[in-house]
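For reference, data.tsv (TSV, C-alpha atoms and all ligand atoms):
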chain	number	residue	atom	x	y	z
A	1	MET	CA	54.69	32.83	-71.20
A	2	PHE	CA	52.26	34.51	-68.79
A	3	ALA	CA	51.85	38.24	-68.22
A	4	ASP	CA	53.18	39.43	-64.86
A	5	TYR	CA	50.31	39.58	-62.41
A	6	GLU	CA	49.65	43.28	-61.86
A	7	PRO	CA	46.09	43.88	-60.70
A	8	GLY	CA	44.76	47.41	-61.09
A	9	LYS	CA	47.41	48.47	-63.62
A	10	ARG	CA	45.20	49.26	-66.60
A	11	VAL	CA	47.09	51.33	-69.18
A	12	GLY	CA	44.18	52.97	-70.99
A	13	PRO	CA	41.17	52.54	-73.27
A	14	LEU	CA	41.05	50.53	-76.48
A	15	PRO	CA	43.60	52.10	-78.85
A	16	GLU	CA	42.54	54.34	-81.72
A	17	GLY	CA	42.12	52.36	-84.91
A	18	PHE	CA	41.20	49.19	-83.01
A	19	ALA	CA	39.08	46.60	-84.84
A	20	THR	CA	38.33	42.90	-84.83
A	21	ARG	CA	37.60	40.52	-87.67
A	22	PRO	CA	37.65	36.79	-88.44
A	23	MET	CA	41.05	35.31	-89.23
A	24	ALA	CA	42.11	35.14	-92.87
A	25	ARG	CA	44.82	32.93	-94.37
A	26	ASP	CA	47.03	36.00	-94.91
A	27	ASP	CA	47.08	36.55	-91.13
A	28	VAL	CA	49.03	33.35	-90.44
A	29	PRO	CA	52.56	34.92	-90.43
A	30	ALA	CA	51.51	37.79	-88.11
A	31	LEU	CA	49.64	35.44	-85.76
A	32	ALA	CA	52.57	33.04	-85.69
A	33	ALA	CA	54.90	35.94	-84.85
A	34	ILE	CA	52.77	36.84	-81.81
A	35	ARG	CA	52.80	33.24	-80.64
A	36	VAL	CA	56.56	32.98	-81.11
A	37	GLU	CA	57.01	36.31	-79.28
A	38	ARG	CA	55.07	34.74	-76.40
A	39	GLY	CA	57.64	31.95	-76.35
A	40	ASP	CA	55.43	28.87	-76.64
A	41	ALA	CA	56.23	27.72	-80.19
A	42	LYS	CA	58.85	27.82	-82.92
A	43	PRO	CA	57.86	29.73	-86.10
A	44	GLU	CA	57.06	26.63	-88.21
A	45	GLU	CA	55.06	24.98	-85.39
A	46	ALA	CA	53.10	28.18	-84.81
A	47	ALA	CA	52.30	28.62	-88.52
A	48	LYS	CA	51.24	24.97	-88.78
A	49	ALA	CA	48.93	25.30	-85.77
A	50	PHE	CA	47.17	28.33	-87.32
A	51	GLU	CA	46.84	26.58	-90.70
A	52	TRP	CA	45.25	23.63	-88.88
A	53	LEU	CA	42.88	25.98	-87.07
A	54	LEU	CA	41.84	27.51	-90.40
A	55	GLY	CA	40.67	24.04	-91.43
A	56	ARG	CA	38.62	23.71	-88.23
A	57	VAL	CA	37.11	27.14	-88.84
A	58	ALA	CA	36.12	26.07	-92.36
A	59	SER	CA	34.39	22.98	-90.97
A	60	GLY	CA	32.48	24.99	-88.34
A	61	ASP	CA	34.35	23.46	-85.39
A	62	ALA	CA	36.20	26.62	-84.41
A	63	THR	CA	36.44	30.35	-84.83
A	64	MET	CA	39.38	32.69	-84.63
A	65	ILE	CA	39.04	36.42	-84.03
A	66	VAL	CA	41.91	38.71	-84.89
A	67	ALA	CA	42.37	42.08	-83.15
A	68	THR	CA	44.03	44.82	-85.17
A	69	VAL	CA	45.25	48.33	-84.48
A	70	ARG	CA	45.38	50.47	-87.62
A	71	ASP	CA	45.27	47.22	-89.61
A	72	ALA	CA	48.29	45.63	-87.88
A	73	VAL	CA	47.60	42.41	-85.97
A	74	ALA	CA	47.72	43.09	-82.20
A	75	GLY	CA	46.22	39.88	-80.78
A	76	TYR	CA	43.93	36.96	-81.33
A	77	GLY	CA	41.55	34.60	-79.58
A	78	SER	CA	40.06	31.31	-80.67
A	79	VAL	CA	37.16	29.04	-79.81
A	80	ASP	CA	37.38	25.31	-80.48
A	81	ARG	CA	34.85	22.52	-80.10
A	82	LEU	CA	36.56	19.84	-78.02
A	83	ALA	CA	35.54	16.28	-77.28
A	84	ARG	CA	38.42	14.80	-75.31
A	85	GLU	CA	38.53	12.18	-72.62
A	86	GLY	CA	38.22	13.58	-69.10
A	87	ILE	CA	36.66	16.96	-69.99
A	88	PRO	CA	33.10	17.91	-70.95
A	89	GLU	CA	32.37	18.02	-74.66
A	90	GLY	CA	31.70	21.60	-75.73
A	91	TRP	CA	33.02	24.96	-76.87
A	92	TYR	CA	36.31	26.04	-75.35
A	93	LEU	CA	37.81	29.51	-75.42
A	94	GLY	CA	41.49	29.05	-76.14
A	95	GLY	CA	44.65	30.75	-77.21
A	96	VAL	CA	43.94	34.38	-76.36
A	97	VAL	CA	47.14	36.33	-76.77
A	98	VAL	CA	47.67	40.09	-76.98
A	99	SER	CA	51.02	41.44	-78.17
A	100	PRO	CA	52.83	43.02	-75.16
A	101	PRO	CA	52.80	46.67	-76.40
A	102	TRP	CA	48.99	46.53	-76.64
A	103	ARG	CA	48.21	44.91	-73.30
A	104	ARG	CA	46.03	46.38	-70.53
A	105	ARG	CA	43.85	48.39	-72.90
A	106	GLY	CA	40.88	46.06	-72.98
A	107	ILE	CA	41.79	44.02	-76.08
A	108	GLY	CA	41.82	40.68	-74.23
A	109	ALA	CA	38.43	41.49	-72.69
A	110	ARG	CA	36.98	42.48	-76.09
A	111	LEU	CA	38.23	39.24	-77.67
A	112	THR	CA	36.64	37.31	-74.81
A	113	ARG	CA	33.28	39.14	-75.11
A	114	GLU	CA	33.15	38.53	-78.87
A	115	ARG	CA	34.06	34.85	-78.54
A	116	LEU	CA	31.41	34.31	-75.87
A	117	ASP	CA	28.81	35.96	-78.12
A	118	TRP	CA	29.87	33.53	-80.85
A	119	VAL	CA	29.48	30.54	-78.50
A	120	ALA	CA	26.14	31.87	-77.21
A	121	ALA	CA	24.74	31.53	-80.72
A	122	ARG	CA	25.55	27.81	-80.57
A	123	ALA	CA	25.39	26.63	-76.96
A	124	GLU	CA	24.37	27.62	-73.46
A	125	ARG	CA	27.77	27.03	-71.87
A	126	ALA	CA	31.38	27.91	-72.61
A	127	TYR	CA	34.57	26.46	-71.10
A	128	TYR	CA	38.22	27.33	-70.83
A	129	PHE	CA	41.16	25.78	-69.03
A	130	VAL	CA	44.16	27.59	-67.71
A	131	ASN	CA	47.37	27.06	-65.78
A	132	ALA	CA	46.61	27.98	-62.15
A	133	GLN	CA	49.71	30.20	-62.21
A	134	ASN	CA	48.23	32.37	-64.97
A	135	ARG	CA	46.42	34.76	-62.67
A	136	ALA	CA	46.19	37.50	-65.31
A	137	SER	CA	44.16	35.15	-67.51
A	138	ILE	CA	41.96	34.04	-64.60
A	139	ASP	CA	41.20	37.70	-63.75
A	140	LEU	CA	40.54	38.45	-67.43
A	141	HIS	CA	37.86	35.73	-67.64
A	142	ALA	CA	36.28	36.23	-64.20
A	143	PRO	CA	33.85	39.10	-65.06
A	144	PHE	CA	32.28	36.94	-67.78
A	145	GLY	CA	30.79	34.53	-65.25
A	146	PHE	CA	33.38	31.76	-65.38
A	147	ARG	CA	33.53	29.56	-62.28
A	148	PRO	CA	36.05	26.80	-61.57
A	149	ILE	CA	34.64	23.31	-62.01
A	150	VAL	CA	37.74	21.07	-61.91
A	151	HIS	CA	40.98	21.94	-60.11
A	152	GLY	CA	43.84	19.77	-61.37
A	153	VAL	CA	42.11	18.97	-64.65
A	154	VAL	CA	43.94	16.65	-67.04
A	155	VAL	CA	43.47	17.57	-70.70
A	156	PRO	CA	44.88	15.09	-73.24
A	157	GLY	CA	47.54	16.85	-75.34
A	158	VAL	CA	47.92	19.81	-72.97
A	159	THR	CA	50.80	20.38	-70.52
A	160	PHE	CA	50.30	22.86	-67.70
A	161	ARG	CA	53.99	23.74	-67.34
A	162	GLY	CA	55.04	24.24	-63.73
A	163	GLY	CA	51.50	24.20	-62.43
A	164	VAL	CA	48.12	22.50	-62.44
A	165	GLY	CA	45.23	23.14	-64.79
A	166	ILE	CA	41.88	24.56	-63.77
A	167	LEU	CA	38.76	23.98	-65.87
A	168	PHE	CA	36.26	26.86	-65.82
A	169	ALA	CA	32.69	27.01	-67.16
A	170	ALA	CA	30.30	29.92	-67.79
A	171	ASP	CA	26.59	29.58	-68.46
A	172	LEU	CA	25.32	31.73	-71.31
A	173	PRO	CA	21.59	31.93	-70.63
A	174	ARG	CA	20.77	34.75	-73.03
A	175	GLY	CA	22.49	33.36	-76.11
A	176	SER	CA	21.12	34.29	-79.50
A	177	ARG	CA	20.26	30.62	-79.96
A	178	GLN	CA	17.73	31.07	-77.15
A	179	ASP	CA	16.60	34.36	-78.63
A	180	GLU	CA	15.96	32.60	-81.94
A	181	ARG	CA	13.89	29.94	-80.16
A	182	SER	CA	11.79	32.48	-78.29
A	183	THR	CA	11.30	34.53	-81.46
A	184	SER	CA	10.00	31.54	-83.36
A	185	ALA	CA	7.78	30.57	-80.40
A	186	THR	CA	6.01	33.94	-80.50
A	187	ARG	CA	5.41	33.90	-84.25
B	1	LIG	C1	46.05	37.51	-70.63
B	1	LIG	C2	46.09	38.54	-71.78
B	1	LIG	C3	45.46	37.92	-73.04
B	1	LIG	C4	45.30	39.78	-71.35
B	1	LIG	O1	45.20	40.68	-72.46
B	1	LIG	P1	44.97	42.26	-72.24
B	1	LIG	O2	44.55	42.84	-73.54
B	1	LIG	O3	46.15	42.84	-71.57
B	1	LIG	O4	43.73	42.23	-71.22
B	1	LIG	P2	42.72	43.45	-70.90
B	1	LIG	O5	43.42	44.77	-71.02
B	1	LIG	O6	41.49	43.26	-71.69
B	1	LIG	O7	42.42	43.17	-69.36
B	1	LIG	C5	41.13	42.88	-68.86
B	1	LIG	C6	41.27	42.50	-67.39
B	1	LIG	O8	42.03	41.28	-67.26
B	1	LIG	C7	42.83	41.35	-66.07
B	1	LIG	N1	44.25	41.40	-66.44
B	1	LIG	C8	44.78	41.46	-67.68
B	1	LIG	N2	46.13	41.43	-67.60
B	1	LIG	C9	46.45	41.38	-66.30
B	1	LIG	C10	47.67	41.34	-65.59
B	1	LIG	N3	48.85	41.36	-66.22
B	1	LIG	N4	47.65	41.27	-64.24
B	1	LIG	C11	46.48	41.25	-63.58
B	1	LIG	N5	45.27	41.28	-64.19
B	1	LIG	C12	45.25	41.34	-65.54
B	1	LIG	C13	42.45	42.64	-65.39
B	1	LIG	O9	41.36	42.38	-64.53
B	1	LIG	C14	42.05	43.49	-66.57
B	1	LIG	O10	41.22	44.58	-66.21
B	1	LIG	P3	41.96	45.98	-65.82
B	1	LIG	O11	43.01	46.23	-66.85
B	1	LIG	O12	40.83	46.97	-65.87
B	1	LIG	O13	42.57	45.79	-64.47
B	1	LIG	C15	47.57	38.99	-72.07
B	1	LIG	O14	48.20	39.34	-70.86
B	1	LIG	C16	48.40	37.90	-72.74
B	1	LIG	O15	48.45	37.82	-73.98
B	1	LIG	N6	49.06	37.06	-71.91
B	1	LIG	C17	49.88	35.95	-72.45
B	1	LIG	C18	49.03	34.86	-73.06
B	1	LIG	C19	48.09	34.21	-72.05
B	1	LIG	O16	48.45	33.93	-70.91
B	1	LIG	N7	46.85	33.95	-72.52
B	1	LIG	C20	45.84	33.29	-71.72
B	1	LIG	C21	45.92	31.81	-71.86
B	1	LIG	S1	44.55	31.00	-71.04

Using structure tokens, write down the structure that the file contains.
Amino acid sequence: MFADYEPGKRVGPLPEGFATRPMARDDVPALAAIRVERGDAKPEEAAKAFEWLLGRVASGDATMIVATVRDAVAGYGSVDRLAREGIPEGWYLGGVVVSPPWRRRGIGARLTRERLDWVAARAERAYYFVNAQNRASIDLHAPFGFRPIVHGVVVPGVTFRGGVGILFAADLPRGSRQDERSTSATR
């Protein structure tokens, strides 16, 4: 489920032929395969979850960025607007997964940067929650300004298997939404 925690074990730079793009319907089988490989869903469940996300993307309530290496899907990361009891309403980074052969080359960090830029165009804060045992994920997000705001968070519909959840928030003061406002103010 989680990557082994191995600080300081970077493998190398972003691979040659690396690119990112928004998810397309044709990506569903490859995305589902990565999720199944991670071991947190059966193939049909995984495909259904990505189909559902496509609907949220179409309605503007989510985005999904796909990372590719020479056109083959190597990872993905989503953002979802959540309004659930017990957690702040807002934009949540979620479901960032990089296929094991492509890990520790900066793909997870790139997917996080791009998703935060996407949120910054819409809001001044981003959230994510994580199992406290997932130290690789916590280290991945830390340089982007995330700070813990609730330890032991309860998120309806989410199970933090074998651990407790931590809710993190990052302020995004220089979002393009702000830039747009200041541009129009100077016109
Ligand atoms: C977490 C995950 C997405 C990271 O993807 P990645 O492409 O390997 O991450 P990056 O190469 O961009 O790493 C960026 C930084 O994150 C931290 N990091 C990433 N993987 C780590 C690991 N296994 N151990 C310790 N730190 C790690 C490091 O600080 C790393 O910088 P460094 O490589 O210069 O030391 C990947 O391990 C994964 O898919 N894990 C399983 C799914 C998961 O747990 N997702 C998060 C759910 S909240």

Using all atoms listed in the file, which residues sit within 12 Å of Leu31 (chain A) once same-chain residues fewer than 6 positions away are excluded, as JSON, numbers by chain? {"A": [23, 24, 25, 37, 38, 41, 43, 44, 45, 46, 47, 48, 49, 50, 51, 53, 64, 65, 66, 67, 68, 72, 73, 74, 75, 76, 77, 78, 95, 96, 97, 98, 99]}

At most 7 Å from ligand LIG 1 (chain B) (only C-alpha atoms and all ligand atoms): residue list as a VMD selection string: chain A and resid 1 to 11 38 94 to 100 102 to 110 129 to 130 134 to 137 139 to 141

Enter the distance from CA of Pro148 (chain A) to CA of Ile166 (chain A), in Å, rounded to one decimal.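 Separating CA of Pro148 (chain A) from CA of Ile166 (chain A) is a distance of 6.6 Å.
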
Counting all atoms listed in the file, I want the residues whose atoms come within 12 Å of (34.1, 32.9, -65.6) in the file frame, returned as a PDB file with C-alpha atoms, in the frame of the given file.
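File written: part-v5.pdb
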ATOM      1  CA  LEU A  93      37.810  29.510 -75.420  1.00  0.00           C
ATOM      2  CA  ALA A 109      38.430  41.490 -72.690  1.00  0.00           C
ATOM      3  CA  THR A 112      36.640  37.310 -74.810  1.00  0.00           C
ATOM      4  CA  ARG A 113      33.280  39.140 -75.110  1.00  0.00           C
ATOM      5  CA  LEU A 116      31.410  34.310 -75.870  1.00  0.00           C
ATOM      6  CA  ARG A 125      27.770  27.030 -71.870  1.00  0.00           C
ATOM      7  CA  ALA A 126      31.380  27.910 -72.610  1.00  0.00           C
ATOM      8  CA  TYR A 127      34.570  26.460 -71.100  1.00  0.00           C
ATOM      9  CA  TYR A 128      38.220  27.330 -70.830  1.00  0.00           C
ATOM     10  CA  PHE A 129      41.160  25.780 -69.030  1.00  0.00           C
ATOM     11  CA  VAL A 130      44.160  27.590 -67.710  1.00  0.00           C
ATOM     12  CA  SER A 137      44.160  35.150 -67.510  1.00  0.00           C
ATOM     13  CA  ILE A 138      41.960  34.040 -64.600  1.00  0.00           C
ATOM     14  CA  ASP A 139      41.200  37.700 -63.750  1.00  0.00           C
ATOM     15  CA  LEU A 140      40.540  38.450 -67.430  1.00  0.00           C
ATOM     16  CA  HIS A 141      37.860  35.730 -67.640  1.00  0.00           C
ATOM     17  CA  ALA A 142      36.280  36.230 -64.200  1.00  0.00           C
ATOM     18  CA  PRO A 143      33.850  39.100 -65.060  1.00  0.00           C
ATOM     19  CA  PHE A 144      32.280  36.940 -67.780  1.00  0.00           C
ATOM     20  CA  GLY A 145      30.790  34.530 -65.250  1.00  0.00           C
ATOM     21  CA  PHE A 146      33.380  31.760 -65.380  1.00  0.00           C
ATOM     22  CA  ARG A 147      33.530  29.560 -62.280  1.00  0.00           C
ATOM     23  CA  PRO A 148      36.050  26.800 -61.570  1.00  0.00           C
ATOM     24  CA  ILE A 149      34.640  23.310 -62.010  1.00  0.00           C
ATOM     25  CA  ILE A 166      41.880  24.560 -63.770  1.00  0.00           C
ATOM     26  CA  LEU A 167      38.760  23.980 -65.870  1.00  0.00           C
ATOM     27  CA  PHE A 168      36.260  26.860 -65.820  1.00  0.00           C
ATOM     28  CA  ALA A 169      32.690  27.010 -67.160  1.00  0.00           C
ATOM     29  CA  ALA A 170      30.300  29.920 -67.790  1.00  0.00           C
ATOM     30  CA  ASP A 171      26.590  29.580 -68.460  1.00  0.00           C
ATOM     31  CA  LEU A 172      25.320  31.730 -71.310  1.00  0.00           C
TER      32      LEU A 172
END

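From CA of Ala132 (chain A) back to CA of Gly165 (chain A), the distance works out to 5.7 Å.
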
Listed atoms of region 31-47 of chain A, axis-aligned box, 3 Å per side: centre and edge lengths to one decimal in Å, as AutoDock Vina command-line options?
--center_x 54.2 --center_y 30.9 --center_z -82.4 --size_x 15.2 --size_y 17.9 --size_z 18.2

A:Val153, A:Ala30, A:Ala120, A:Val69: which is nearest Gly17 (chain A), counting all atoms listed in the file?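 Checking each candidate against Gly17 (chain A), we get A:Val69 as the closest.
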
Can you work out which one of A:Val158, A:Val119, A:Ile34, A:Leu111 has the shortest atom-to-atom distance to Tyr92 (chain A), counting only C-alpha atoms? A:Val119
